[in-house]
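Undergrad: My structure is below; once you've seen it, I'll send some questions.
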Amino acid sequence: MNGRHRDMDLDNPENIIPPEFRQERQNPQMPPKKTMEPTSPSANYQFKEKPKNTSKVESIQPKESKPINPLQKYFRTPNISVKLPSGGSFNHPNDIEFNTGGELDIYPMTAGDELVLKNPDSLLNGHAIERVIHSCVPGIKNVKTLPNIDIEVLLLAIKYASYGDNMELNVKCPSCGGGNECMLSVTYLLETAEPIDGEYTYRYNDYLIFYLRPHTFESQTRISLAQFEESKIIKSLLISEDTNDTEKLLEIQKSFDRVTDFNLKILSNCIIGIAVPEGIVQETDLIEQFVLNADRKIIQNLREEIIRINGIGGVKREIEVECTHCQHIWNTPLVYDPSNFFA
Ligand SMILES: [Zn+2]
């Protein structure tokens, strides 16, 4: 066995590449690509209606750089800029590039962005939001590590940039049951978004101080995805006729264990560092080991503290509504779920 491995000489990458692929590496000089015949009618088409005083424009080709598309100045432009509630304090400086005013420029969505938001799978796994933010907020270099409250502000700003200020809200009056159609102002929601502190510390006792952060977009997405997957498993298990009750109980227990492990992992993600008399520990795997082996009281307290932190700041979570039928006034929750608020 060992002899064969030595014969193959796995240290030399050339020997791992199957022979049929080696050719290309040995001859990097590829045959020249065939040039495409102009198949699109636009290449030769004579337009009947033209703006006055225009002649055909070729790409303007500055020396030694990419040609500039003459249509570029008609591309979308940013039409709003926003501050992040976190101010970027939980991110690496390379993750965000603010404009000179310390804000982020927001562009309207492209047709492609709008399409990707209509795909339920892409929405669930976070891909759609990531793509739309990359496209509309070029200042954000890393969407995954942004606090979730920043994501909500960015999505609202993209909604404003793409569809204008009105946001429809349909609510049912808790008093008379009548339906109410309200119109919310996106600008108002953005202006009332509250900043958050740049650091959260939680002192458990004199020996243990925790540095905490709110959920990132990535952890929030993983939470939604895990909840979705587990509830799907449980649902199909409950209606299954091939599984007996003992097996069902066992599977439910397994699902419960997965959720517990997952929640502890997510909790670890919210701990940036732990200060102990020996120093400050910031390594992710060491923090995870601590969370798995700590006294349950510490974890319970941390969990409550993290829930508290995640409820602080950002856009309004509820709004006062007056019923048009019975004049009852109540506070209705605002849910920033991109699967319906871009619709
Ligand atoms: Zn009412």
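Labels for the structure tokens follow display order: chains A, B, ..., residues from 1 in each chain, ligands from 1.
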Which residues of chain A come within 9 Å of ligand 1, and what is each one's closest atom pair and distance in Å (one decimal), counting only C-alpha atoms and all ligand atoms, sorted by chain and residue number, as JSON lines?
TA:
{"residue": "A:Lys172", "atom": "CA", "partner": "ligand 1", "partner_atom_place_in_ligand_line": "1 (Zn)", "distance": 7.8}
{"residue": "A:Cys173", "atom": "CA", "partner": "ligand 1", "partner_atom_place_in_ligand_line": "1 (Zn)", "distance": 4.5}
{"residue": "A:Pro174", "atom": "CA", "partner": "ligand 1", "partner_atom_place_in_ligand_line": "1 (Zn)", "distance": 6.7}
{"residue": "A:Ser175", "atom": "CA", "partner": "ligand 1", "partner_atom_place_in_ligand_line": "1 (Zn)", "distance": 5.1}
{"residue": "A:Cys176", "atom": "CA", "partner": "ligand 1", "partner_atom_place_in_ligand_line": "1 (Zn)", "distance": 4.1}
{"residue": "A:Gly177", "atom": "CA", "partner": "ligand 1", "partner_atom_place_in_ligand_line": "1 (Zn)", "distance": 6.0}
{"residue": "A:Gly178", "atom": "CA", "partner": "ligand 1", "partner_atom_place_in_ligand_line": "1 (Zn)", "distance": 5.3}
{"residue": "A:Gly179", "atom": "CA", "partner": "ligand 1", "partner_atom_place_in_ligand_line": "1 (Zn)", "distance": 7.8}
{"residue": "A:Asn180", "atom": "CA", "partner": "ligand 1", "partner_atom_place_in_ligand_line": "1 (Zn)", "distance": 8.3}
{"residue": "A:Glu322", "atom": "CA", "partner": "ligand 1", "partner_atom_place_in_ligand_line": "1 (Zn)", "distance": 7.8}
{"residue": "A:Cys323", "atom": "CA", "partner": "ligand 1", "partner_atom_place_in_ligand_line": "1 (Zn)", "distance": 4.5}
{"residue": "A:Thr324", "atom": "CA", "partner": "ligand 1", "partner_atom_place_in_ligand_line": "1 (Zn)", "distance": 6.6}
{"residue": "A:His325", "atom": "CA", "partner": "ligand 1", "partner_atom_place_in_ligand_line": "1 (Zn)", "distance": 5.0}
{"residue": "A:Cys326", "atom": "CA", "partner": "ligand 1", "partner_atom_place_in_ligand_line": "1 (Zn)", "distance": 4.1}
{"residue": "A:Gln327", "atom": "CA", "partner": "ligand 1", "partner_atom_place_in_ligand_line": "1 (Zn)", "distance": 6.0}
{"residue": "A:His328", "atom": "CA", "partner": "ligand 1", "partner_atom_place_in_ligand_line": "1 (Zn)", "distance": 5.3}
{"residue": "A:Ile329", "atom": "CA", "partner": "ligand 1", "partner_atom_place_in_ligand_line": "1 (Zn)", "distance": 8.1}
Undergrad: Could you pull the residues within 10 Å of Glu230 of chain A, counting only C-alpha atoms, minus those fewer than 2 positions along the same chain, as a ChimeraX atom specification?
TA: /A:225-228,232-235,252,255-256,258-259
Undergrad: Write a file of the selected residues as a compact mmCIF listing (two decimals), in the first residue's frame, keeping N, CA, C and O atoms.
TA:
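Ended up saving to result_17.txt:
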# COMPACT_ATOMS: atom_id res chain seq x y z
N LEU A 225 -33.05 28.43 8.22
CA LEU A 225 -32.90 27.23 7.39
C LEU A 225 -33.04 25.97 8.25
O LEU A 225 -33.75 25.03 7.88
N ALA A 226 -32.39 25.98 9.44
CA ALA A 226 -32.44 24.81 10.32
C ALA A 226 -33.87 24.59 10.83
O ALA A 226 -34.36 23.45 10.85
N GLN A 227 -34.54 25.68 11.20
CA GLN A 227 -35.92 25.55 11.68
C GLN A 227 -36.80 24.95 10.59
O GLN A 227 -37.60 24.05 10.84
N PHE A 228 -36.60 25.43 9.37
CA PHE A 228 -37.38 24.94 8.23
C PHE A 228 -37.13 23.44 8.00
O PHE A 228 -38.06 22.66 7.87
N LYS A 232 -39.74 20.32 8.69
CA LYS A 232 -40.11 19.48 7.55
C LYS A 232 -39.94 18.00 7.92
O LYS A 232 -40.81 17.17 7.63
N ILE A 233 -38.82 17.68 8.60
CA ILE A 233 -38.55 16.30 9.01
C ILE A 233 -39.65 15.80 9.96
O ILE A 233 -40.22 14.73 9.77
N ILE A 234 -39.97 16.64 10.97
CA ILE A 234 -40.98 16.23 11.97
C ILE A 234 -42.34 16.03 11.30
O ILE A 234 -43.03 15.04 11.55
N LYS A 235 -42.70 16.97 10.42
CA LYS A 235 -44.00 16.87 9.75
C LYS A 235 -44.13 15.57 8.97
O LYS A 235 -45.12 14.85 9.07
N ILE A 252 -37.65 11.99 16.60
CA ILE A 252 -37.96 13.31 17.15
C ILE A 252 -36.87 13.71 18.15
O ILE A 252 -36.42 14.86 18.18
N SER A 255 -33.87 14.86 16.28
CA SER A 255 -34.07 16.21 15.76
C SER A 255 -33.87 17.23 16.88
O SER A 255 -33.25 18.28 16.69
N PHE A 256 -34.39 16.90 18.06
CA PHE A 256 -34.26 17.78 19.22
C PHE A 256 -32.78 17.99 19.57
O PHE A 256 -32.35 19.10 19.84
N ARG A 258 -30.23 17.72 17.51
CA ARG A 258 -29.61 18.55 16.46
C ARG A 258 -29.89 20.03 16.71
O ARG A 258 -29.00 20.86 16.59
N VAL A 259 -31.15 20.32 17.08
CA VAL A 259 -31.52 21.72 17.33
C VAL A 259 -30.73 22.27 18.52
O VAL A 259 -30.23 23.40 18.48
Undergrad: Using DSSP secondary structure from the backbone, list all strand (DSSP E or B) positions within segment 117-274 of chain A, as an MDAnalysis selection string.
TA: chainID A and resid 140 147 166:172 179:185 194 200:205 208:212 216 271:274
Undergrad: Set the distance at 8 Å and use only C-alpha atoms: which residues neighbour Phe210 of chain A once local chain neighbours fewer than 5 positions away are removed? I'd like the list as a PyMOL selection string.
TA: chain A and resi 201-204+271-275
Undergrad: Those residues you just picked out, can you put them in a file as a CSV table (one decimal), in the first residue's frame with C-alpha atoms?
TA:
chain,number,residue,atom,x,y,z
A,201,THR,CA,-20.1,43.3,27.5
A,202,TYR,CA,-21.7,40.9,29.9
A,203,ARG,CA,-20.1,40.4,33.3
A,204,TYR,CA,-21.1,37.0,34.7
A,271,ILE,CA,-19.5,35.6,21.6
A,272,ILE,CA,-16.6,37.7,20.2
A,273,GLY,CA,-14.3,37.1,23.2
A,274,ILE,CA,-14.2,36.0,26.8
A,275,ALA,CA,-12.1,37.8,29.4
Undergrad: With a distance cut-off of 7 Å and only C-alpha atoms, select the neighbouring residues of Asp165 of chain A, excluding the residue or stretch itself and same-chain residues fewer than 3 positions from it, and output the selection as a PyMOL selection string.
TA: chain A and resi 160+185-187
Undergrad: Ranking A:Leu212, A:Leu292, A:Leu250, A:Leu169 by minimum distance to Glu304 of chain A and counting only C-alpha atoms, which one comes first?
TA: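 Checking each of A:Leu212, A:Leu292, A:Leu250, A:Leu169 against Glu304 of chain A, counting only C-alpha atoms, the winner is A:Leu212.
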